[in-house]
Structure formats: C-alpha cells, structure tokens
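Shown next: model_20.cif, given as mmCIF, C-alpha atoms and all ligand atoms.
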```cif
data_structure
#
loop_
_atom_site.group_PDB
_atom_site.id
_atom_site.type_symbol
_atom_site.label_atom_id
_atom_site.label_comp_id
_atom_site.auth_asym_id
_atom_site.auth_seq_id
_atom_site.Cartn_x
_atom_site.Cartn_y
_atom_site.Cartn_z
ATOM 1 C CA MET A 19 86.792 82.367 115.263
ATOM 2 C CA ASN A 20 84.397 81.276 112.556
ATOM 3 C CA GLU A 21 85.612 78.375 110.408
ATOM 4 C CA TYR A 22 84.037 79.983 107.351
ATOM 5 C CA ALA A 23 85.212 83.192 105.755
ATOM 6 C CA VAL A 24 82.100 83.432 103.580
ATOM 7 C CA GLN A 25 78.648 82.000 104.101
ATOM 8 C CA LEU A 26 75.840 82.496 101.623
ATOM 9 C CA LYS A 27 72.455 81.101 102.474
ATOM 10 C CA ASP A 28 69.540 80.810 100.047
ATOM 11 C CA VAL A 29 70.560 83.832 98.029
ATOM 12 C CA VAL A 30 68.019 84.935 95.439
ATOM 13 C CA LYS A 31 68.687 87.635 92.862
ATOM 14 C CA CYS A 32 66.317 88.748 90.126
ATOM 15 C CA TYR A 33 66.835 91.277 87.350
ATOM 16 C CA LYS A 34 64.298 93.005 85.167
ATOM 17 C CA ASP A 35 64.274 92.404 81.445
ATOM 18 C CA GLY A 36 61.832 95.024 80.174
ATOM 19 C CA GLU A 37 58.569 94.207 81.915
ATOM 20 C CA GLN A 38 59.645 90.757 83.031
ATOM 21 C CA ASP A 39 61.576 89.662 86.079
ATOM 22 C CA PHE A 40 64.033 86.857 85.644
ATOM 23 C CA THR A 41 65.791 84.964 88.393
ATOM 24 C CA VAL A 42 69.570 84.765 88.033
ATOM 25 C CA LEU A 43 70.301 83.172 91.407
ATOM 26 C CA ASN A 44 67.700 80.837 92.819
ATOM 27 C CA LYS A 45 68.475 80.015 96.455
ATOM 28 C CA VAL A 46 72.215 79.732 96.143
ATOM 29 C CA SER A 47 74.071 78.594 99.248
ATOM 30 C CA LEU A 48 77.838 78.434 99.570
ATOM 31 C CA ASN A 49 80.298 78.138 102.433
ATOM 32 C CA VAL A 50 83.976 78.852 101.911
ATOM 33 C CA LYS A 51 86.520 78.035 104.592
ATOM 34 C CA GLN A 52 89.562 80.059 105.491
ATOM 35 C CA GLY A 53 92.451 78.877 103.356
ATOM 36 C CA GLU A 54 90.129 77.417 100.704
ATOM 37 C CA PHE A 55 90.499 78.272 97.018
ATOM 38 C CA VAL A 56 87.212 77.905 95.143
ATOM 39 C CA ALA A 57 86.455 78.175 91.433
ATOM 40 C CA ILE A 58 83.050 79.000 90.016
ATOM 41 C CA VAL A 59 82.481 77.960 86.418
ATOM 42 C CA GLY A 60 79.415 78.129 84.215
ATOM 43 C CA PRO A 61 78.115 79.464 80.924
ATOM 44 C CA SER A 62 78.258 83.117 80.026
ATOM 45 C CA GLY A 63 75.279 84.939 81.488
ATOM 46 C CA SER A 64 74.684 82.320 84.189
ATOM 47 C CA GLY A 65 75.156 84.842 87.007
ATOM 48 C CA LYS A 66 78.768 84.263 88.057
ATOM 49 C CA SER A 67 79.640 87.951 88.221
ATOM 50 C CA THR A 68 76.366 88.664 89.997
ATOM 51 C CA LEU A 69 77.210 86.046 92.611
ATOM 52 C CA LEU A 70 80.697 87.473 93.067
ATOM 53 C CA SER A 71 79.298 90.999 93.403
ATOM 54 C CA ILE A 72 76.947 89.820 96.135
ATOM 55 C CA MET A 73 79.835 88.119 97.973
ATOM 56 C CA GLY A 74 81.811 91.336 97.580
ATOM 57 C CA VAL A 75 79.040 93.424 99.153
ATOM 58 C CA LEU A 76 78.711 95.425 95.943
ATOM 59 C CA LEU A 77 75.192 94.221 95.272
ATOM 60 C CA SER A 78 72.464 93.168 97.671
ATOM 61 C CA PRO A 79 70.456 89.991 97.210
ATOM 62 C CA ASP A 80 66.660 90.075 97.004
ATOM 63 C CA GLN A 81 66.488 87.262 99.558
ATOM 64 C CA GLY A 82 68.917 85.237 101.617
ATOM 65 C CA SER A 83 71.881 86.149 103.768
ATOM 66 C CA ILE A 84 75.609 86.739 103.435
ATOM 67 C CA GLN A 85 78.085 86.463 106.233
ATOM 68 C CA ILE A 86 81.698 87.591 105.872
ATOM 69 C CA GLY A 87 83.647 86.191 108.804
ATOM 70 C CA GLU A 88 81.621 87.210 111.838
ATOM 71 C CA THR A 89 79.758 89.961 110.017
ATOM 72 C CA VAL A 90 76.192 89.305 108.879
ATOM 73 C CA VAL A 91 75.997 91.804 106.049
ATOM 74 C CA SER A 92 72.212 92.149 105.989
ATOM 75 C CA GLU A 93 72.243 93.217 109.639
ATOM 76 C CA LYS A 94 74.466 96.160 108.797
ATOM 77 C CA LYS A 95 73.330 99.465 107.394
ATOM 78 C CA GLN A 96 74.153 100.091 103.770
ATOM 79 C CA LYS A 97 76.561 102.870 104.689
ATOM 80 C CA GLU A 98 78.667 100.331 106.602
ATOM 81 C CA TRP A 99 79.015 98.175 103.515
ATOM 82 C CA THR A 100 81.832 100.329 102.198
ATOM 83 C CA ASN A 101 83.830 99.576 105.324
ATOM 84 C CA ILE A 102 83.117 95.860 105.093
ATOM 85 C CA ARG A 103 84.342 95.968 101.504
ATOM 86 C CA ARG A 104 87.453 97.937 102.314
ATOM 87 C CA GLU A 105 88.429 95.836 105.292
ATOM 88 C CA GLN A 106 87.274 92.334 104.458
ATOM 89 C CA ILE A 107 87.361 91.978 100.679
ATOM 90 C CA GLY A 108 90.130 92.088 98.091
ATOM 91 C CA PHE A 109 89.077 92.292 94.441
ATOM 92 C CA ILE A 110 90.952 91.089 91.368
ATOM 93 C CA PHE A 111 89.288 91.934 88.054
ATOM 94 C CA GLN A 112 89.666 90.662 84.532
ATOM 95 C CA ASN A 113 91.645 93.725 83.603
ATOM 96 C CA HIS A 114 93.984 94.575 86.444
ATOM 97 C CA GLN A 115 92.356 98.056 86.857
ATOM 98 C CA LEU A 116 95.565 99.662 88.012
ATOM 99 C CA LEU A 117 95.639 103.451 87.930
ATOM 100 C CA PRO A 118 97.822 104.655 85.038
ATOM 101 C CA PHE A 119 99.347 107.623 86.881
ATOM 102 C CA LEU A 120 100.591 105.735 89.956
ATOM 103 C CA THR A 121 103.629 103.519 90.364
ATOM 104 C CA VAL A 122 103.157 99.992 91.643
ATOM 105 C CA GLU A 123 104.189 100.971 95.141
ATOM 106 C CA GLU A 124 101.789 103.928 95.086
ATOM 107 C CA GLN A 125 98.884 101.717 93.982
ATOM 108 C CA LEU A 126 99.362 99.611 97.106
ATOM 109 C CA LYS A 127 99.872 102.649 99.297
ATOM 110 C CA LEU A 128 96.525 104.014 98.131
ATOM 111 C CA VAL A 129 94.725 100.861 99.282
ATOM 112 C CA GLN A 130 96.538 101.023 102.591
ATOM 113 C CA ASP A 131 95.637 104.675 103.136
ATOM 114 C CA MET A 132 91.955 103.982 102.515
ATOM 115 C CA SER A 133 91.652 101.169 105.042
ATOM 116 C CA LYS A 134 92.090 101.623 108.737
ATOM 117 C CA THR A 135 93.117 98.061 109.404
ATOM 118 C CA LYS A 136 95.159 96.479 112.139
ATOM 119 C CA GLU A 137 98.870 95.913 111.965
ATOM 120 C CA LYS A 138 100.297 97.067 108.683
ATOM 121 C CA ILE A 139 103.038 95.896 106.474
ATOM 122 C CA SER A 140 104.445 98.354 103.995
ATOM 123 C CA PRO A 141 103.635 98.204 100.277
ATOM 124 C CA MET A 142 107.279 97.362 99.663
ATOM 125 C CA GLN A 143 107.167 94.429 102.092
ATOM 126 C CA MET A 144 104.007 93.175 100.426
ATOM 127 C CA LEU A 145 105.577 93.399 96.957
ATOM 128 C CA GLU A 146 108.704 91.638 98.110
ATOM 129 C CA SER A 147 106.763 88.838 99.740
ATOM 130 C CA LEU A 148 105.086 88.178 96.387
ATOM 131 C CA GLY A 149 108.377 88.372 94.505
ATOM 132 C CA LEU A 150 107.392 91.669 92.868
ATOM 133 C CA GLY A 151 109.846 94.019 94.563
ATOM 134 C CA ASP A 152 111.619 94.915 91.329
ATOM 135 C CA LEU A 153 108.383 96.342 89.896
ATOM 136 C CA SER A 154 107.820 98.844 92.699
ATOM 137 C CA LYS A 155 108.778 102.002 90.803
ATOM 138 C CA LYS A 156 107.151 101.026 87.504
ATOM 139 C CA TYR A 157 104.028 102.478 85.959
ATOM 140 C CA PRO A 158 101.398 100.087 84.525
ATOM 141 C CA SER A 159 102.163 101.109 80.938
ATOM 142 C CA LYS A 160 105.690 99.748 81.345
ATOM 143 C CA MET A 161 104.608 96.276 82.487
ATOM 144 C CA SER A 162 103.356 93.144 80.748
ATOM 145 C CA GLY A 163 99.806 91.877 81.221
ATOM 146 C CA GLY A 164 100.984 89.137 83.563
ATOM 147 C CA GLN A 165 103.007 91.565 85.675
ATOM 148 C CA LYS A 166 100.047 93.929 85.976
ATOM 149 C CA GLN A 167 97.781 91.122 87.068
ATOM 150 C CA ARG A 168 100.311 89.997 89.693
ATOM 151 C CA VAL A 169 100.472 93.553 91.022
ATOM 152 C CA ALA A 170 96.668 93.529 91.153
ATOM 153 C CA ILE A 171 96.937 90.407 93.337
ATOM 154 C CA ALA A 172 99.377 92.141 95.680
ATOM 155 C CA ARG A 173 96.984 95.075 95.874
ATOM 156 C CA ALA A 174 94.051 92.772 96.677
ATOM 157 C CA PHE A 175 95.937 91.317 99.650
ATOM 158 C CA MET A 176 97.196 94.710 100.835
ATOM 159 C CA ASN A 177 94.337 95.465 103.219
ATOM 160 C CA ASP A 178 94.614 91.995 104.787
ATOM 161 C CA PRO A 179 91.088 90.963 103.729
ATOM 162 C CA GLN A 180 89.398 87.727 104.785
ATOM 163 C CA VAL A 181 88.129 87.123 101.288
ATOM 164 C CA ILE A 182 89.688 87.457 97.841
ATOM 165 C CA LEU A 183 87.337 87.644 94.863
ATOM 166 C CA ALA A 184 88.662 87.244 91.334
ATOM 167 C CA ASP A 185 86.422 87.621 88.269
ATOM 168 C CA GLU A 186 88.053 85.895 85.281
ATOM 169 C CA PRO A 187 91.560 86.987 86.283
ATOM 170 C CA THR A 188 93.223 85.120 83.404
ATOM 171 C CA ALA A 189 90.886 86.244 80.628
ATOM 172 C CA SER A 190 93.368 88.592 78.978
ATOM 173 C CA LEU A 191 96.441 86.348 79.427
ATOM 174 C CA ASP A 192 97.920 83.427 77.516
ATOM 175 C CA GLY A 193 97.997 79.959 79.063
ATOM 176 C CA GLU A 194 101.379 80.206 80.736
ATOM 177 C CA ARG A 195 100.837 83.708 82.185
ATOM 178 C CA GLY A 196 97.330 82.769 83.240
ATOM 179 C CA ARG A 197 98.641 79.824 85.161
ATOM 180 C CA GLN A 198 101.271 81.930 86.928
ATOM 181 C CA VAL A 199 98.593 84.378 88.025
ATOM 182 C CA VAL A 200 96.371 81.648 89.438
ATOM 183 C CA GLU A 201 99.359 79.987 91.113
ATOM 184 C CA LEU A 202 100.103 83.272 92.849
ATOM 185 C CA ILE A 203 96.513 83.606 94.053
ATOM 186 C CA ARG A 204 96.692 80.053 95.387
ATOM 187 C CA GLN A 205 100.057 80.555 97.075
ATOM 188 C CA GLU A 206 99.001 83.727 98.883
ATOM 189 C CA THR A 207 95.597 82.343 99.831
ATOM 190 C CA LYS A 208 97.267 79.386 101.536
ATOM 191 C CA LYS A 209 100.103 81.367 103.094
ATOM 192 C CA ARG A 210 97.765 83.982 104.572
ATOM 193 C CA ASN A 211 94.909 81.574 105.315
ATOM 194 C CA LYS A 212 92.329 83.578 103.373
ATOM 195 C CA ALA A 213 89.368 82.408 101.328
ATOM 196 C CA ALA A 214 89.576 82.954 97.574
ATOM 197 C CA ILE A 215 86.721 82.641 95.114
ATOM 198 C CA MET A 216 87.575 82.821 91.427
ATOM 199 C CA VAL A 217 85.210 82.896 88.487
ATOM 200 C CA THR A 218 86.881 81.371 85.454
ATOM 201 C CA HIS A 219 86.348 79.991 81.976
ATOM 202 C CA ASP A 220 89.868 78.682 81.956
ATOM 203 C CA GLU A 221 89.770 74.900 82.284
ATOM 204 C CA ARG A 222 93.543 74.746 82.473
ATOM 205 C CA VAL A 223 93.757 76.390 85.880
ATOM 206 C CA LEU A 224 91.078 74.293 87.560
ATOM 207 C CA GLU A 225 93.638 71.793 88.848
ATOM 208 C CA LEU A 226 94.988 74.585 91.067
ATOM 209 C CA VAL A 227 91.810 75.055 93.105
ATOM 210 C CA ASP A 228 90.466 73.020 96.012
ATOM 211 C CA THR A 229 86.793 73.114 95.124
ATOM 212 C CA ILE A 230 84.846 73.672 91.907
ATOM 213 C CA TYR A 231 81.221 74.740 91.616
ATOM 214 C CA ARG A 232 79.185 75.094 88.457
ATOM 215 C CA LEU A 233 76.509 77.763 88.235
ATOM 216 C CA GLU A 234 73.770 76.919 85.786
ATOM 217 C CA ASN A 235 70.088 77.790 85.593
ATOM 218 C CA GLY A 236 70.268 79.682 88.854
ATOM 219 C CA THR A 237 71.701 76.880 90.952
ATOM 220 C CA LEU A 238 75.164 76.066 92.167
ATOM 221 C CA VAL A 239 76.353 72.465 91.980
ATOM 222 C CA ARG A 240 79.603 71.164 93.397
ATOM 223 C CA GLU A 241 81.833 69.394 90.843
ATOM 224 C CA LYS A 242 85.012 68.756 92.793
HETATM 225 P P1 LIG A 301 78.135 85.895 84.035
HETATM 226 O O1 LIG A 301 79.144 86.642 84.856
HETATM 227 O O2 LIG A 301 77.982 84.454 84.441
HETATM 228 O O3 LIG A 301 78.371 86.014 82.573
HETATM 229 P P2 LIG A 301 76.270 87.935 84.962
HETATM 230 O O4 LIG A 301 76.158 87.797 86.431
HETATM 231 O O5 LIG A 301 77.112 89.039 84.457
HETATM 232 O O6 LIG A 301 76.693 86.538 84.325
HETATM 233 O O7 LIG A 301 74.805 88.138 84.362
HETATM 234 C C1 LIG A 301 73.771 87.176 84.541
HETATM 235 C C2 LIG A 301 72.538 87.599 83.740
HETATM 236 O O8 LIG A 301 71.969 88.756 84.319
HETATM 237 C C3 LIG A 301 72.818 87.947 82.282
HETATM 238 O O9 LIG A 301 71.706 87.534 81.523
HETATM 239 C C4 LIG A 301 72.937 89.454 82.304
HETATM 240 O O10 LIG A 301 72.588 89.998 81.054
HETATM 241 C C5 LIG A 301 71.944 89.827 83.385
HETATM 242 N N1 LIG A 301 72.292 91.065 84.115
HETATM 243 C C6 LIG A 301 73.471 91.307 84.745
HETATM 244 N N2 LIG A 301 73.446 92.504 85.360
HETATM 245 C C7 LIG A 301 72.218 93.030 85.112
HETATM 246 C C8 LIG A 301 71.559 94.254 85.472
HETATM 247 N N3 LIG A 301 72.166 95.158 86.246
HETATM 248 N N4 LIG A 301 70.297 94.443 85.041
HETATM 249 C C9 LIG A 301 69.663 93.522 84.279
HETATM 250 N N5 LIG A 301 70.219 92.346 83.907
HETATM 251 C C10 LIG A 301 71.486 92.097 84.313
HETATM 252 MG MG MG A 302 80.889 87.658 84.337
#
```

Let me see whether you can do it: turn the structure in this file into structure tokens.
Amino acid sequence: MNEYAVQLKDVVKCYKDGEQDFTVLNKVSLNVKQGEFVAIVGPSGSGKSTLLSIMGVLLSPDQGSIQIGETVVSEKKQKEWTNIRREQIGFIFQNHQLLPFLTVEEQLKLVQDMSKTKEKISPMQMLESLGLGDLSKKYPSKMSGGQKQRVAIARAFMNDPQVILADEPTASLDGERGRQVVELIRQETKKRNKAAIMVTHDERVLELVDTIYRLENGTLVREK
C-alpha cells in the first residue's frame, strides 16, 4: 500500500475577478503520510479553503494532479468523484453542520447508509470509541459548541476515510474547547492511521500537529 494518503503535485488554481484571472495556487505540491496530522496556516484569502476543497475532490484544479491513496483523481470521471468523496474523505467544517432534525446517532447512521464501505462498525460503537456515547440520543440544539464539533469528528471518521479534512474547526470555540477538538482529531488520526489536514488560524493548537505549512502568495512553505 501507498505510504501517502494524499499526494498533490504542481496544483494550479485560478479564479476570475471580473475580467481578470488571478492565481490562487501556483504549483502547490504536498504529500501527507498515513497517520500524519498536518496544519495549513496563512492569511485570510490566501487559498487555504481552495486547497482543502481540491484535496477533498470538491473542486478540480486547472493544472496538476491529486492522488488519494491509490486513486489518481484526474484519471477518474467526474461522476466517480462523489464516490471518492464518500469513501475516502471525511470533512469537518468550521460550523459542525449537523442536521437539526436528527439525533447524534442518526447523523452517523446517515453517513453510514450513504457509503458502501467495507466492514462496518455501528454508529454507537463509533461514538463510544470517541467517548461520546452519552450524546447518542441528543439533538444538536441540546449540545454545546464543543460537543457538536466532537460529534462532527465522529461523523467524519464514520465512513472509514483515508483522509480527514478540517477547515478552521476551532473557529467558533474558546481556547479550551478548541484544544479539546483538535486533540480528538489528533487522537483518532493516530489511532486509525489516517491522514488529517487542518486549516487553522489558531496558533494555540499548532503544537498538536506533526507538520505545519504556510500558504502565502500562491505557494506552500513548510514551517515545521
Ligand atoms: P482562505 O480560505 O485562505 O481564506 P479561499 O481559498 O477561500 O482563501 O480564497 C482564496 C481567494 O480566492 C480569495 O481572494 C477569494 O476571494 C477567492 N475566491 C474563492 N473562491 C472563489 C470563487 N469561487 N470565485 C472567485 N474567487 C474566489
Ligand atoms: Mg477559508
């Protein structure tokens, strides 16, 4: 099996601003190993979310290639991208994005029902393994911000993805809760030997990651 869970090579992405094209990502390359927890930092508007969307097969690059595990995304038809996403990627957003009308257990069940992956553990087993079993029957409106974000982490791991992508997962939390959330991402990434890539502004959680990259002026530079 491939040592790398994610491989980006010379990724270029341009957007249009009125008449003009501007380059957000200018030949960005990045390899992330299984079990590695990576942070991407950089100024607002530097392209961090764009980069994460490309890694998450939500957005296609103008040039360059993306490989998720053994799958070279550009070699696949666009209609297969949904399956790659469902089976290989777990997303954690800034705002948990839980569905208000489902209990915690049902949120995880929904993810499980949509993916046709390998051996399955039950939503309850997943929640218990993350120490969230007592939340299983709760609705999002009855939980704190930190609890909701931890449920979102459990949901991201539910389809047994190779890659976890988190876009500013601590943005709506205070320092202590933010740290707990990032600690949980780290713990599960290591335990399950997945690759996790987190975009963050939160300097305080950077000591919890293995590798730090800064995105600025279209290029990615390793800092740690
Ligand atoms: P970050 O997450 O680092 O704040 P983004 O990836 O969201 O940065 O955006 C990078 C730049 O690209 C910003 O200038 C943003 O306004 C611009 N941008 C993002 N998405 C689009 C789009 N769909 N069309 C045009 N410009 C976009
Ligand atoms: Mg962003």

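With all atoms listed in the file as the atoms that count, the set of residues no farther than 9 Å from ligand LIG 301 (chain A) is Cys32, Tyr33, Lys34, Asp35, Gly36, Phe40, Thr41, Val42, Leu43, Val59, Gly60, Pro61, Ser62, Gly63, Ser64, Gly65, Lys66, Ser67, Thr68, Leu69, Leu70, Ser71, Asp185, Glu186, Val217, Leu233 and Glu234 of chain A.
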
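A straight line drawn from atom CA of A:Phe109 to atom CA of A:Leu183 is 5.0 Å long.
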
Item to check | Result set, the PyMOL selection byres (((chain A and resi 79-93) around 10) and not hetatm) on current file, as a PyMOL selection string | outcome: chain A and resi 19-33+43-52+68-69+71-78+94-96+98-99+102-103+106-107+180-181

Tell me which protein, DNA and RNA residues are within 8 Å of stretch 203-209 of chain A, counting only C-alpha atoms, leaving out same-chain ones fewer than 6 positions away, and put them as a PDB file with C-alpha atoms, keeping the file's coordinate frame.
```
ATOM      1  CA  GLY A  53      92.451  78.877 103.356  1.00  0.00           C
ATOM      2  CA  GLU A  54      90.129  77.417 100.704  1.00  0.00           C
ATOM      3  CA  PHE A  55      90.499  78.272  97.018  1.00  0.00           C
ATOM      4  CA  LEU A 148     105.086  88.178  96.387  1.00  0.00           C
ATOM      5  CA  ILE A 171      96.937  90.407  93.337  1.00  0.00           C
ATOM      6  CA  LEU A 226      94.988  74.585  91.067  1.00  0.00           C
ATOM      7  CA  VAL A 227      91.810  75.055  93.105  1.00  0.00           C
TER       8      VAL A 227
END
```

Next on the checklist: Using only C-alpha atoms for the distances, tell me which of A:Arg173, A:Arg195, A:Arg104, A:Lys156 is nearest to A:Ser140.
Outcome noted: A:Arg173

Checklist entry - Any idea what the distance is between atom CA of A:Leu238 and atom CA of A:Gln112? => result 21.9 Å

Checklist entry - Given the choices A:Val223, A:Lys212, A:Ile58, A:Phe175, which gets closest to ligand MG 302 (chain A) if the distance is worked out from all atoms listed in the file? => result A:Ile58

Next on the checklist: Please compute the atom CA of A:Ala172-atom CA of A:Tyr231 distance, one decimal, in Å.
Outcome noted: 25.5 Å

Next on the checklist: Residues near A:Arg240, anyone? I mean within 8 Å using all atoms listed in the file, not counting same-chain ones fewer than 5 positions away, as a list of chain:residue names.
Outcome noted: A:Thr229, A:Ile230, A:Tyr231, A:Arg232

Item to check | Pick from A:Pro187, A:Gly236, A:Pro118, A:Gly108, whichever lies nearest to ligand MG 302 (chain A) using all atoms listed in the file | outcome: A:Pro187

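Of the listed residues (A:Leu150, A:Met132, A:Glu37, A:Phe111), A:Phe111 comes nearest to ligand MG 302 (chain A); the distances count only C-alpha atoms and all ligand atoms.
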
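The residue that comes closest to ligand MG 302 (chain A), out of A:Asp131, A:Ala189, A:Gln198, A:Asp228 and on the basis of only C-alpha atoms and all ligand atoms, is A:Ala189.
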
Item to check | Pick from A:Ser133, A:Asn113, A:Thr237, A:Thr218, whichever lies nearest to A:Arg168 using only C-alpha atoms | outcome: A:Asn113

Determine the residue membership of the PyMOL selection byres (((chain A and resi 139) around 10) and not hetatm) for the file above and supply it as a short mmCIF file (atom, residue, chain, number, x, y, z; two decimals) with C-alpha atoms, in the frame of the given file.
```cif
data_model
loop_
_atom_site.label_atom_id
_atom_site.label_comp_id
_atom_site.auth_asym_id
_atom_site.auth_seq_id
_atom_site.Cartn_x
_atom_site.Cartn_y
_atom_site.Cartn_z
CA GLN A 130 96.54 101.02 102.59
CA LYS A 136 95.16 96.48 112.14
CA GLU A 137 98.87 95.91 111.96
CA LYS A 138 100.30 97.07 108.68
CA SER A 140 104.44 98.35 104.00
CA PRO A 141 103.64 98.20 100.28
CA MET A 142 107.28 97.36 99.66
CA GLN A 143 107.17 94.43 102.09
CA MET A 144 104.01 93.18 100.43
CA MET A 176 97.20 94.71 100.84
CA ASN A 177 94.34 95.46 103.22
CA ASP A 178 94.61 92.00 104.79
#
```

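With only C-alpha atoms taken into account, the protein and nucleic acid residues at most 9 Å from A:Tyr157 (excluding it and anything under 6 positions from it in its own chain) are Leu117, Pro118, Phe119, Leu120, Thr121 and Val122 of chain A.
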